[in-house]
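Single-structure report; data block below.
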Amino acid sequence: MFGTSGIRGTVGTDVTAELALDVGRALASEGYERVVVGRDVRPSGAVLADALMAGVRECGGTVLEVGVAPTPTIARAVSWTESDAGVVITASHNPATDNGIKLWNPSGRAFDPEQCETIATRLERGTFTLQPWDGHGSSEPVENALERHSRELSEAVSLDTSPSVVVDVGNGTGGITARVLADLGCDVVTLNGQQDGSFPGRPSEPTRETLGDLASFVELSDADLGIAHDGDADRMVAVDETGTFVPKDVLLALFARETATVGDVVAVPVDTSMAVDDALESVGAAATRTPVGDVFVADRAMDSDVVFGGEPSGAWIWPQETPCPDGPLAACKLLSLVADRGPLSTLVSAIETYPIRRQSIDVTDKAAVIGRVRDRCRQRYADVDSMDGVYVAFEDGWMLVRASGTEPVVRITAEARTDSRANEIEAIAVDLLEAATSRE
């Protein structure tokens, strides 16, 4: 039920008000007495949030309602309000037809797999501590959540100059970024700033392909850079002053290099480019790998030796601020970097990159297929890492075959130091997967 990013699926089939009601019941029944609840801009979120809050209250819990806000705002509010848990109704970068439920700890970390399994077990059993007529819990609003988040963002950075920036909100909840950057003195232009959960301006996921308008606007203006968020603003990606999309692996390497110093460690998932390792080596730091998913990166980032964590998906974590991926915070950090160090294109050009291939293939029985790929790799290769999927390192590259935690697909990633070798490694991974799926 819970993938790497909570419950997520199609509204009306996978994700329903009945499910949301039971998740609320399960939380309160498990002893989470004070629960912060908020949502992104999707129209279905109103019904799902109402149902979940009813479930919490029906089992005696207190609801602290944030309303429509970025995921990182809601996650931070769990600590601010001294609550036991938080819930964000969101499908993040998924299309408008989807929605989901993601659970948060007071620390700002998402529920770990063990916590999710506890909730899932209670849902399956349907054992809820329903209260009598006089035992229902109450609800109250969380006042000024966006204002407090904005203040913390402003305090997290300082700008030596005032870059001009174009912020593509993507019709989601990330308008806080434009407001904070303007308060910091930046010249800000906003695209797709009207909140609309049907995402009319562009798809919710910000990618090279979906950010054509942002790239063109920046290229034709005198803006220093452009940034974009997904629907719930936990992600942030960028284009440089020429309108060129900054690859997410490169942005991860840049953030890692500029945050870490000698002896520091940066937490990244297993599908991360070698470019990050090289960038960290240049400053005397090192990377540590985790399974894919912000909950795993955040968990490792809480260790004292880790100064930054990030995923090539566009999720960035500064553990000194919050272990929740915070797109607006990442935007402020990037603006601060450009203000201090100069053009983003120059900073990016200093990151050595390698050919990397990524593709997704529809698979029905993901677990069985990955198991067969793992068995075949162990017969063929001496060193196979199965921390998350099947990872095989070569002298001049690597490949990863892993099941998506949010979709019915298996993802293939291959990287090498030359294009031809990257193609060869990708072909090896594809052949392995096709052989495994032919037995489904």
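Simple scheme: letters A, B, ... for chains in structure tokens order, numbers from 1 for residues in each chain, numbers from 1 for ligands in the order shown.
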
Find the residues near A:Asp299: any atom within 8 Å, counting only C-alpha atoms, skip ones fewer than 4 places away on the same chain, and give them as a ChimeraX atom specification. /A:109,295,303,323

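Residues in contact with stretch 413-427 of chain A at 6 Å, where only C-alpha atoms are counted and same-chain residues fewer than 4 positions away are skipped, are listed as Tyr354, Pro355, Ile356, Arg357, Arg358, Asp396, Gly397, Trp398, Met399 and Leu400 of chain A.
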
Next, dump the selected residues to file, keeping only C-alpha atoms, as a short mmCIF file (atom, residue, chain, number, x, y, z; two decimals), in the first residue's frame.
```
data_model
loop_
_atom_site.label_atom_id
_atom_site.label_comp_id
_atom_site.auth_asym_id
_atom_site.auth_seq_id
_atom_site.Cartn_x
_atom_site.Cartn_y
_atom_site.Cartn_z
CA TYR A 354 28.94 11.29 -18.00
CA PRO A 355 26.43 9.69 -20.36
CA ILE A 356 23.52 8.35 -18.35
CA ARG A 357 20.52 6.44 -19.64
CA ARG A 358 17.17 6.14 -17.91
CA ASP A 396 33.82 2.05 -16.38
CA GLY A 397 30.19 2.40 -15.31
CA TRP A 398 27.20 0.81 -13.59
CA MET A 399 23.62 -0.29 -14.07
CA LEU A 400 20.57 -0.42 -11.82
#
```

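Candidate residues A:Asp264, A:Glu124, A:Glu143, A:Glu114 were compared for distance to A:Val36, and the nearest is A:Glu143, using only C-alpha atoms.
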
A:Ala339 environment, 9 Å, only C-alpha atoms, sequence neighbours closer than 6 positions dropped, as a list of chain:residue names: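 My list of contacting residues is A:Leu159, A:Asp160, A:Thr161, A:Ser162, A:Pro163.
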
Near stretch 20-30 of chain A, 8 Å: stretch 113-166 of chain A residue rows, closest pairs, only C-alpha atoms, as a Markdown table:
```
| residue | atom | partner | partner_atom | distance |
| --- | --- | --- | --- | --- |
| A:Ile119 | CA | A:Ala26 | CA | 6.0 |
| A:Arg122 | CA | A:Ala26 | CA | 6.2 |
| A:Leu123 | CA | A:Asp22 | CA | 6.5 |
| A:Gly126 | CA | A:Asp22 | CA | 7.9 |
| A:Thr127 | CA | A:Ala26 | CA | 8.0 |
| A:Phe128 | CA | A:Ser29 | CA | 5.6 |
| A:Thr129 | CA | A:Ser29 | CA | 5.3 |
| A:Leu130 | CA | A:Arg25 | CA | 7.7 |
```

Residues of stretch 98-153 of chain A classed as helix (DSSP H, G or I) by DSSP on the backbone are to be reported as a VMD selection string. chain A and resid 113 to 125 145 to 153

Using only C-alpha atoms, determine which residues lie at most 7 Å from A:Asp187, disregarding the query and same-chain residues fewer than 4 positions distant; provide the list as a PyMOL selection string. chain A and resi 163-165+182

For the residues in the current selection, export C-alpha atoms as a PDB file, in the first residue's frame.
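Result file is selection06.pdb:
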```pdb
ATOM      1  CA  PRO A 163      19.465  38.097  -9.042  1.00  0.00           C
ATOM      2  CA  SER A 164      16.449  38.232 -11.313  1.00  0.00           C
ATOM      3  CA  VAL A 165      14.518  34.986 -11.442  1.00  0.00           C
ATOM      4  CA  ALA A 182      10.846  39.066  -3.777  1.00  0.00           C
TER       5      ALA A 182
END
```

Using only C-alpha atoms for the distances, tell me which of A:Ser438, A:Pro291, A:Cys324, A:Glu18 is nearest to A:Arg402.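 Once distances to A:Arg402 are computed over only C-alpha atoms, the minimum belongs to A:Pro291.
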
May I ask which of the residues A:Ala75, A:Leu254, A:Leu64, A:Ile89 is the closest one to A:Val47, counting only C-alpha atoms? A:Ile89

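Of the residues under consideration (A:Cys116, A:Val266, A:Leu103, A:Met53), A:Met53 shows the shortest atom-to-atom contact distance to A:Ala17 when counting only C-alpha atoms.
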
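All residues of protein, DNA or RNA that reach within 7 Å of A:Lys102, judged by only C-alpha atoms and not counting those fewer than 3 positions away in the chain, are Ser5, Gly6, Ile7, Val87, Val88 and Ile89 of chain A.
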
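Of the listed residues (A:Asp326, A:Asp388, A:Glu65, A:Asp183), A:Asp183 comes nearest to A:Ser154; the distances count only C-alpha atoms.
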
Could you name the residues that touch stretch 210-222 of chain A at 9 Å or less, counting only C-alpha atoms, but leaving out those on the same chain fewer than 4 positions away, as a list in words? Ser164, Val165, Val166, Val167, Asp168, Leu191, Arg202, Pro203, Ser204, Glu205, Pro206, Gly226, Ile227, Ala228, Val239, Asp240, Glu241, Thr242, Gly243, Thr244 and Phe245 of chain A

Mind writing the picked residues with C-alpha atoms as a compact mmCIF listing (two decimals), in the first residue's frame?
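For reference, again.txt as written:
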```
# COMPACT_ATOMS: atom_id res chain seq x y z
CA SER A 164 16.45 38.23 -11.31
CA VAL A 165 14.52 34.99 -11.44
CA VAL A 166 11.52 33.45 -13.19
CA VAL A 167 9.51 31.09 -10.97
CA ASP A 168 7.30 28.52 -12.71
CA LEU A 191 4.65 31.72 -14.52
CA ARG A 202 1.97 22.36 -17.86
CA PRO A 203 2.13 18.86 -16.35
CA SER A 204 2.82 18.82 -12.63
CA GLU A 205 6.22 17.17 -13.04
CA PRO A 206 8.89 19.73 -14.01
CA GLY A 226 14.54 30.11 -13.82
CA ILE A 227 13.24 27.63 -11.28
CA ALA A 228 10.22 25.34 -11.27
CA VAL A 239 17.20 26.47 -16.07
CA ASP A 240 20.27 28.68 -16.39
CA GLU A 241 20.41 32.24 -17.73
CA THR A 242 20.49 30.97 -21.33
CA GLY A 243 17.28 28.99 -20.84
CA THR A 244 19.15 25.68 -20.77
CA PHE A 245 17.69 23.03 -18.48
```

I need the residues in stretch 305-397 of chain A that are strand (DSSP E or B) according to DSSP; give them as a ChimeraX atom specification. /A:306-311,315-318,322,356-362,384-385,390-394,397

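Close contacts of stretch 234-238 of chain A, defined as residues with an atom at most 8 Å away when counting only C-alpha atoms, with chain neighbours fewer than 4 positions off set aside, comprise A:Pro70, A:Thr71, A:Pro72, A:Ser92, A:Pro206, A:Thr207, A:Leu225, A:Gly226, A:Ile227, A:Ala228, A:His229, A:Asp230, A:Phe245, A:Val246, A:Lys248, A:Leu251, A:Ser313, A:Gly314, A:Ala315, A:Trp316, A:Cys324, A:Pro325, A:Asp326, A:Gly327, A:Pro328, A:Ala330, A:Ala331.
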
Return the single residue from A:Gly389, A:Pro312, A:Gly172, A:Pro95 that is closest to A:Arg372, with distances computed using only C-alpha atoms. A:Gly389

So how many Å separate atom CA of A:Ile412 and atom CA of A:Gln359, to one decimal?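 Atom-to-atom, atom CA of A:Ile412 and atom CA of A:Gln359 are spaced 5.4 Å apart.
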